[in-house]
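Novice: What follows is run_11.tsv, made up of TSV, N, CA and C atoms:
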chain	number	residue	atom	x	y	z
B	1	MET	N	-285.21	-135.22	211.63
B	1	MET	CA	-283.77	-135.19	211.59
B	1	MET	C	-283.25	-135.03	213.02
B	2	PRO	N	-282.25	-135.83	213.41
B	2	PRO	CA	-281.72	-135.74	214.78
B	2	PRO	C	-281.05	-134.40	215.03
B	3	THR	N	-281.06	-133.99	216.28
B	3	THR	CA	-280.48	-132.69	216.61
B	3	THR	C	-278.98	-132.68	216.39
B	4	SER	N	-278.31	-133.82	216.53
B	4	SER	CA	-276.86	-133.84	216.28
B	4	SER	C	-276.54	-133.56	214.82
B	5	ALA	N	-277.38	-134.05	213.93
B	5	ALA	CA	-277.17	-133.78	212.50
B	5	ALA	C	-277.42	-132.31	212.18
B	6	ILE	N	-278.42	-131.73	212.82
B	6	ILE	CA	-278.71	-130.32	212.60
B	6	ILE	C	-277.55	-129.46	213.11
B	7	ARG	N	-277.01	-129.82	214.28
B	7	ARG	CA	-275.85	-129.09	214.80
B	7	ARG	C	-274.66	-129.18	213.87
B	8	LEU	N	-274.43	-130.37	213.32
B	8	LEU	CA	-273.32	-130.56	212.41
B	8	LEU	C	-273.47	-129.72	211.15
B	9	VAL	N	-274.69	-129.67	210.63
B	9	VAL	CA	-274.95	-128.85	209.43
B	9	VAL	C	-274.75	-127.37	209.73
B	10	ARG	N	-275.22	-126.93	210.88
B	10	ARG	CA	-275.04	-125.52	211.25
B	10	ARG	C	-273.57	-125.19	211.46
B	11	PHE	N	-272.85	-126.08	212.13
B	11	PHE	CA	-271.42	-125.85	212.36
B	11	PHE	C	-270.67	-125.80	211.03
B	12	THR	N	-270.99	-126.71	210.12
B	12	THR	CA	-270.35	-126.72	208.81
B	12	THR	C	-270.71	-125.45	208.04
B	13	GLY	N	-271.94	-125.00	208.18
B	13	GLY	CA	-272.36	-123.77	207.51
B	13	GLY	C	-271.64	-122.54	208.02
B	14	ARG	N	-271.16	-122.58	209.26
B	14	ARG	CA	-270.39	-121.45	209.80
B	14	ARG	C	-268.90	-121.60	209.53
B	15	LEU	N	-268.42	-122.85	209.49
B	15	LEU	CA	-267.00	-123.10	209.32
B	15	LEU	C	-266.53	-122.86	207.88
B	16	LEU	N	-267.32	-123.27	206.91
B	16	LEU	CA	-266.91	-123.13	205.51
B	16	LEU	C	-266.69	-121.68	205.08
B	17	PRO	N	-267.57	-120.74	205.41
B	17	PRO	CA	-267.27	-119.35	205.04
B	17	PRO	C	-266.02	-118.80	205.73
B	18	ALA	N	-265.78	-119.22	206.97
B	18	ALA	CA	-264.58	-118.75	207.67
B	18	ALA	C	-263.33	-119.31	207.01
B	19	LEU	N	-263.35	-120.58	206.63
B	19	LEU	CA	-262.20	-121.16	205.93
B	19	LEU	C	-262.01	-120.52	204.55
B	20	ALA	N	-263.11	-120.20	203.89
B	20	ALA	CA	-263.01	-119.53	202.60
B	20	ALA	C	-262.41	-118.13	202.76
B	21	ALA	N	-262.77	-117.45	203.83
B	21	ALA	CA	-262.20	-116.11	204.08
B	21	ALA	C	-260.70	-116.20	204.34
B	22	VAL	N	-260.27	-117.18	205.14
B	22	VAL	CA	-258.84	-117.36	205.40
B	22	VAL	C	-258.10	-117.68	204.11
B	23	ALA	N	-258.65	-118.60	203.33
B	23	ALA	CA	-258.00	-118.98	202.07
B	23	ALA	C	-257.92	-117.80	201.10
B	24	THR	N	-258.97	-117.00	201.04
B	24	THR	CA	-258.97	-115.84	200.15
B	24	THR	C	-257.91	-114.82	200.57
B	25	LEU	N	-257.79	-114.58	201.86
B	25	LEU	CA	-256.78	-113.63	202.33
B	25	LEU	C	-255.36	-114.15	202.08
B	26	VAL	N	-255.15	-115.44	202.25
B	26	VAL	CA	-253.82	-116.00	202.00
B	26	VAL	C	-253.48	-115.94	200.52
B	27	VAL	N	-254.44	-116.25	199.66
B	27	VAL	CA	-254.20	-116.17	198.21
B	27	VAL	C	-253.94	-114.73	197.79
B	28	ALA	N	-254.70	-113.79	198.35
B	28	ALA	CA	-254.47	-112.37	198.03
B	28	ALA	C	-253.07	-111.94	198.48
B	29	PHE	N	-252.64	-112.40	199.65
B	29	PHE	CA	-251.30	-112.09	200.13
B	29	PHE	C	-250.24	-112.65	199.20
B	30	LEU	N	-250.38	-113.90	198.80
B	30	LEU	CA	-249.39	-114.50	197.91
B	30	LEU	C	-249.37	-113.81	196.54
B	31	ALA	N	-250.53	-113.40	196.06
B	31	ALA	CA	-250.57	-112.67	194.79
B	31	ALA	C	-249.87	-111.32	194.93
B	32	LEU	N	-250.07	-110.64	196.04
B	32	LEU	CA	-249.40	-109.35	196.25
B	32	LEU	C	-247.89	-109.54	196.42
B	33	ILE	N	-247.47	-110.62	197.05
B	33	ILE	CA	-246.04	-110.91	197.16
B	33	ILE	C	-245.44	-111.07	195.77
B	34	ALA	N	-246.14	-111.80	194.90
B	34	ALA	CA	-245.64	-112.01	193.55
B	34	ALA	C	-245.63	-110.71	192.76
B	35	LEU	N	-246.65	-109.87	192.93
B	35	LEU	CA	-246.72	-108.63	192.18
B	35	LEU	C	-245.68	-107.60	192.63
B	36	THR	N	-245.36	-107.59	193.92
B	36	THR	CA	-244.41	-106.60	194.44
B	36	THR	C	-242.99	-107.14	194.56
B	37	ASP	N	-242.78	-108.37	194.13
B	37	ASP	CA	-241.47	-109.03	194.25
B	37	ASP	C	-240.98	-109.06	195.69
B	38	GLY	N	-241.88	-109.19	196.62
B	38	GLY	CA	-241.52	-109.31	198.03
B	38	GLY	C	-240.92	-108.05	198.62
B	39	ALA	N	-241.39	-106.91	198.19
B	39	ALA	CA	-240.84	-105.63	198.66
B	39	ALA	C	-240.94	-105.53	200.17
B	40	GLY	N	-239.83	-105.14	200.79
B	40	GLY	CA	-239.79	-104.95	202.24
B	40	GLY	C	-240.06	-106.24	203.00
B	41	SER	N	-239.52	-107.35	202.53
B	41	SER	CA	-239.74	-108.68	203.13
B	41	SER	C	-241.22	-109.04	203.15
B	42	GLY	N	-241.98	-108.54	202.22
B	42	GLY	CA	-243.40	-108.85	202.12
B	42	GLY	C	-244.28	-108.02	203.03
B	43	LEU	N	-243.69	-107.04	203.69
B	43	LEU	CA	-244.46	-106.24	204.63
B	43	LEU	C	-245.55	-105.42	203.94
B	44	ALA	N	-245.27	-104.90	202.75
B	44	ALA	CA	-246.28	-104.13	202.03
B	44	ALA	C	-247.47	-105.00	201.65
B	45	ALA	N	-247.20	-106.21	201.18
B	45	ALA	CA	-248.29	-107.12	200.82
B	45	ALA	C	-249.07	-107.55	202.06
B	46	TRP	N	-248.34	-107.79	203.16
B	46	TRP	CA	-249.00	-108.23	204.39
B	46	TRP	C	-249.91	-107.14	204.96
B	47	LEU	N	-249.41	-105.91	204.98
B	47	LEU	CA	-250.23	-104.80	205.51
B	47	LEU	C	-251.44	-104.53	204.63
B	48	THR	N	-251.28	-104.64	203.33
B	48	THR	CA	-252.40	-104.44	202.41
B	48	THR	C	-253.47	-105.50	202.62
B	49	THR	N	-253.03	-106.75	202.73
B	49	THR	CA	-253.97	-107.84	202.95
B	49	THR	C	-254.65	-107.72	204.30
B	50	LEU	N	-253.89	-107.37	205.32
B	50	LEU	CA	-254.46	-107.20	206.65
B	50	LEU	C	-255.47	-106.06	206.67
B	51	GLY	N	-255.17	-104.97	205.99
B	51	GLY	CA	-256.10	-103.84	205.91
B	51	GLY	C	-257.38	-104.20	205.20
B	52	ALA	N	-257.26	-104.92	204.08
B	52	ALA	CA	-258.46	-105.33	203.35
B	52	ALA	C	-259.31	-106.29	204.17
B	53	GLY	N	-258.67	-107.22	204.86
B	53	GLY	CA	-259.41	-108.14	205.71
B	53	GLY	C	-260.10	-107.44	206.86
B	54	THR	N	-259.43	-106.46	207.43
B	54	THR	CA	-260.01	-105.71	208.54
B	54	THR	C	-261.22	-104.90	208.08
B	55	VAL	N	-261.11	-104.27	206.93
B	55	VAL	CA	-262.23	-103.50	206.39
B	55	VAL	C	-263.43	-104.41	206.13
B	56	LEU	N	-263.17	-105.58	205.55
B	56	LEU	CA	-264.28	-106.51	205.30
B	56	LEU	C	-264.89	-107.03	206.60
B	57	ALA	N	-264.07	-107.29	207.61
B	57	ALA	CA	-264.59	-107.75	208.90
B	57	ALA	C	-265.42	-106.65	209.57
B	58	LEU	N	-264.97	-105.41	209.47
B	58	LEU	CA	-265.76	-104.30	210.02
B	58	LEU	C	-267.09	-104.18	209.31
B	59	TRP	N	-267.08	-104.37	208.00
B	59	TRP	CA	-268.31	-104.27	207.22
B	59	TRP	C	-269.28	-105.40	207.58
B	60	ARG	N	-268.74	-106.62	207.77
B	60	ARG	CA	-269.60	-107.75	208.12
B	60	ARG	C	-270.18	-107.63	209.52
B	61	GLY	N	-269.47	-106.98	210.43
B	61	GLY	CA	-269.93	-106.88	211.81
B	61	GLY	C	-270.67	-105.60	212.13
B	62	ARG	N	-271.05	-104.84	211.13
B	62	ARG	CA	-271.62	-103.52	211.37
B	62	ARG	C	-272.98	-103.56	212.05
B	63	ARG	N	-273.77	-104.60	211.89
B	63	ARG	CA	-275.12	-104.63	212.48
B	63	ARG	C	-275.22	-105.61	213.64
B	64	ARG	N	-274.10	-106.01	214.16
B	64	ARG	CA	-274.10	-106.97	215.26
B	64	ARG	C	-273.89	-106.25	216.59
B	65	THR	N	-274.24	-106.94	217.67
B	65	THR	CA	-273.99	-106.39	218.99
B	65	THR	C	-272.51	-106.52	219.32
B	66	TRP	N	-272.08	-105.93	220.42
B	66	TRP	CA	-270.66	-105.81	220.72
B	66	TRP	C	-269.90	-107.14	220.73
B	67	PRO	N	-270.28	-108.17	221.49
B	67	PRO	CA	-269.44	-109.37	221.48
B	67	PRO	C	-269.46	-110.09	220.13
B	68	GLU	N	-270.59	-110.05	219.45
B	68	GLU	CA	-270.68	-110.72	218.15
B	68	GLU	C	-269.94	-109.96	217.06
B	69	ARG	N	-269.63	-108.72	217.29
B	69	ARG	CA	-268.93	-107.91	216.30
B	69	ARG	C	-267.49	-108.39	216.09
B	70	LEU	N	-266.94	-109.09	217.08
B	70	LEU	CA	-265.56	-109.57	216.98
B	70	LEU	C	-265.43	-110.87	216.20
B	71	VAL	N	-266.52	-111.59	215.98
B	71	VAL	CA	-266.48	-112.88	215.30
B	71	VAL	C	-265.91	-112.79	213.88
B	72	PRO	N	-266.27	-111.81	213.05
B	72	PRO	CA	-265.70	-111.75	211.71
B	72	PRO	C	-264.19	-111.49	211.69
B	73	PHE	N	-263.62	-111.06	212.81
B	73	PHE	CA	-262.18	-110.81	212.85
B	73	PHE	C	-261.36	-112.09	213.02
B	74	LEU	N	-261.99	-113.19	213.41
B	74	LEU	CA	-261.26	-114.43	213.63
B	74	LEU	C	-260.55	-114.93	212.37
B	75	PRO	N	-261.20	-114.98	211.19
B	75	PRO	CA	-260.46	-115.38	209.99
B	75	PRO	C	-259.34	-114.41	209.64
B	76	VAL	N	-259.51	-113.13	209.93
B	76	VAL	CA	-258.45	-112.15	209.65
B	76	VAL	C	-257.24	-112.42	210.53
B	77	VAL	N	-257.48	-112.72	211.79
B	77	VAL	CA	-256.39	-113.00	212.72
B	77	VAL	C	-255.65	-114.28	212.32
B	78	VAL	N	-256.41	-115.31	211.94
B	78	VAL	CA	-255.79	-116.58	211.52
B	78	VAL	C	-254.96	-116.37	210.26
B	79	ALA	N	-255.51	-115.67	209.28
B	79	ALA	CA	-254.76	-115.42	208.04
B	79	ALA	C	-253.54	-114.55	208.29
B	80	ALA	N	-253.66	-113.57	209.18
B	80	ALA	CA	-252.51	-112.72	209.51
B	80	ALA	C	-251.40	-113.53	210.17
B	81	ALA	N	-251.77	-114.45	211.04
B	81	ALA	CA	-250.76	-115.28	211.69
B	81	ALA	C	-250.09	-116.22	210.70
B	82	LEU	N	-250.87	-116.78	209.78
B	82	LEU	CA	-250.30	-117.68	208.79
B	82	LEU	C	-249.37	-116.96	207.82
B	83	THR	N	-249.74	-115.78	207.42
B	83	THR	CA	-248.95	-115.07	206.42
B	83	THR	C	-247.80	-114.27	207.02
B	84	ALA	N	-247.87	-113.95	208.30
B	84	ALA	CA	-246.78	-113.20	208.93
B	84	ALA	C	-245.50	-114.01	208.97
B	85	THR	N	-245.62	-115.32	208.97
B	85	THR	CA	-244.43	-116.16	208.99
B	85	THR	C	-243.60	-116.00	207.73
B	86	VAL	N	-244.22	-115.59	206.64
B	86	VAL	CA	-243.49	-115.36	205.39
B	86	VAL	C	-242.66	-114.09	205.49
B	87	CYS	N	-243.15	-113.11	206.24
B	87	CYS	CA	-242.49	-111.81	206.32
B	87	CYS	C	-241.30	-111.79	207.27
B	88	ILE	N	-241.19	-112.78	208.14
B	88	ILE	CA	-240.11	-112.79	209.12
B	88	ILE	C	-238.97	-113.66	208.59
B	89	PRO	N	-237.81	-113.06	208.30
B	89	PRO	CA	-236.71	-113.86	207.77
B	89	PRO	C	-236.18	-114.83	208.83
B	90	THR	N	-235.97	-116.08	208.42
B	90	THR	CA	-235.47	-117.09	209.35
B	90	THR	C	-234.01	-117.42	209.10
B	91	VAL	N	-233.44	-116.88	208.05
B	91	VAL	CA	-232.02	-117.09	207.74
B	91	VAL	C	-231.38	-115.72	207.57
B	92	PRO	N	-230.07	-115.62	207.69
B	92	PRO	CA	-229.42	-114.33	207.47
B	92	PRO	C	-229.68	-113.82	206.05
B	93	THR	N	-230.00	-112.55	205.95
B	93	THR	CA	-230.32	-111.98	204.64
B	93	THR	C	-229.16	-111.25	204.01
B	94	THR	N	-228.02	-111.17	204.70
B	94	THR	CA	-226.85	-110.52	204.11
B	94	THR	C	-226.19	-111.48	203.13
B	95	ARG	N	-225.70	-110.93	202.07
B	95	ARG	CA	-225.07	-111.75	201.03
B	95	ARG	C	-223.68	-112.19	201.48
B	96	ARG	N	-223.41	-113.45	201.32
B	96	ARG	CA	-222.10	-114.00	201.64
B	96	ARG	C	-221.42	-114.46	200.38
B	97	TYR	N	-220.22	-114.04	200.19
B	97	TYR	CA	-219.46	-114.45	199.03
B	97	TYR	C	-218.57	-115.63	199.39
B	98	PRO	N	-218.33	-116.53	198.44
B	98	PRO	CA	-217.48	-117.67	198.75
B	98	PRO	C	-216.05	-117.23	199.03
B	99	PRO	N	-215.33	-117.97	199.87
B	99	PRO	CA	-213.95	-117.57	200.20
B	99	PRO	C	-213.01	-117.76	199.03
Please render this file's structure as structure tokens.

Specialist:
Amino acid sequence: MPTSAIRLVRFTGRLLPALAAVATLVVAFLALIALTDGAGSGLAAWLTTLGAGTVLALWRGRRRTWPERLVPFLPVVVAAALTATVCIPTVPTTRRYPP
């Protein structure tokens, strides 16, 4: 088997779990938004999801050396950035009544 094919398989083997972790955190965030009715502009759901992702990343990196210990945090950071956009209001949130 050519080395380029082996590299592609290894890269895919590392990329798929990271994408699955991001997707799982985003789905968990959306489920918590639905369960809490968006309490506090979704901040409660976002912090819960971020905390759970951080705990799992710490657990996955527990037996790694220092620079490699940060690798499991990459999906958490990506999911946090994707879901934080939901928590930031982009339109005025005050109620306006018709004239």

Novice: Using CA of Pro75 in chain B and CA of Leu25 in chain B as the two end points, give the distance in Å to one decimal.

Specialist: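 Those two atoms sit 8.7 Å apart.
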
Novice: Can you tell me, as number ranges by chain, what residues are no more than 7 Å from Val76 in chain B when counting only C-alpha atoms, ignoring any on the same chain fewer than 3 positions away?

Specialist: B: 22, 53-54, 73, 79-80

Novice: Nearest to Cys87 in chain B: which of B:Trp66, B:Gly40, B:Trp59, B:Pro72 is it, counting only N, CA and C atoms?

Specialist: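 Among the listed residues, B:Gly40 lies closest to Cys87 in chain B.
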
Novice: For the atom pair CA of Leu30 in chain B and CA of Thr85 in chain B, what is the interatomic distance in Å to one decimal place?

Specialist: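 That distance, rounded to one decimal, is 12.3 Å.
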
Novice: Residues at most 9 Å from Phe29 in chain B, counting only C-alpha atoms, excluding those fewer than 4 positions away in the same chain, as a ChimeraX atom specification?

Specialist: /B:24-25,33-34,42,45-46,48-50,83

Novice: To box range 59-73 of chain B, take all atoms listed in the file, fit an axis-aligned box, add 8 Å on each side, and give centre and edge lengths in Å to one decimal, as lines of an AutoDock Vina configuration file.

Specialist:
center_x = -268.3
center_y = -108.2
center_z = 214.4
size_x = 29.9
size_y = 25.4
size_z = 30.3

Novice: Record the distance separating atom C of Ile88 in chain B and atom N of Ser41 in chain B, expressed in Å with one decimal.

Specialist: 8.8 Å

Novice: Pick out each residue of chain B that DSSP on the backbone tags as alpha helix (DSSP H); I need them as a ChimeraX atom specification.

Specialist: /B:3-36,43-60,66-69,73-87

Novice: From the list B:Ala57, B:Pro98, B:Leu82, B:Ala5, which residue is nearest Val27 in chain B when using only C-alpha atoms?

Specialist: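 Once distances to Val27 in chain B are computed over only C-alpha atoms, the minimum belongs to B:Leu82.
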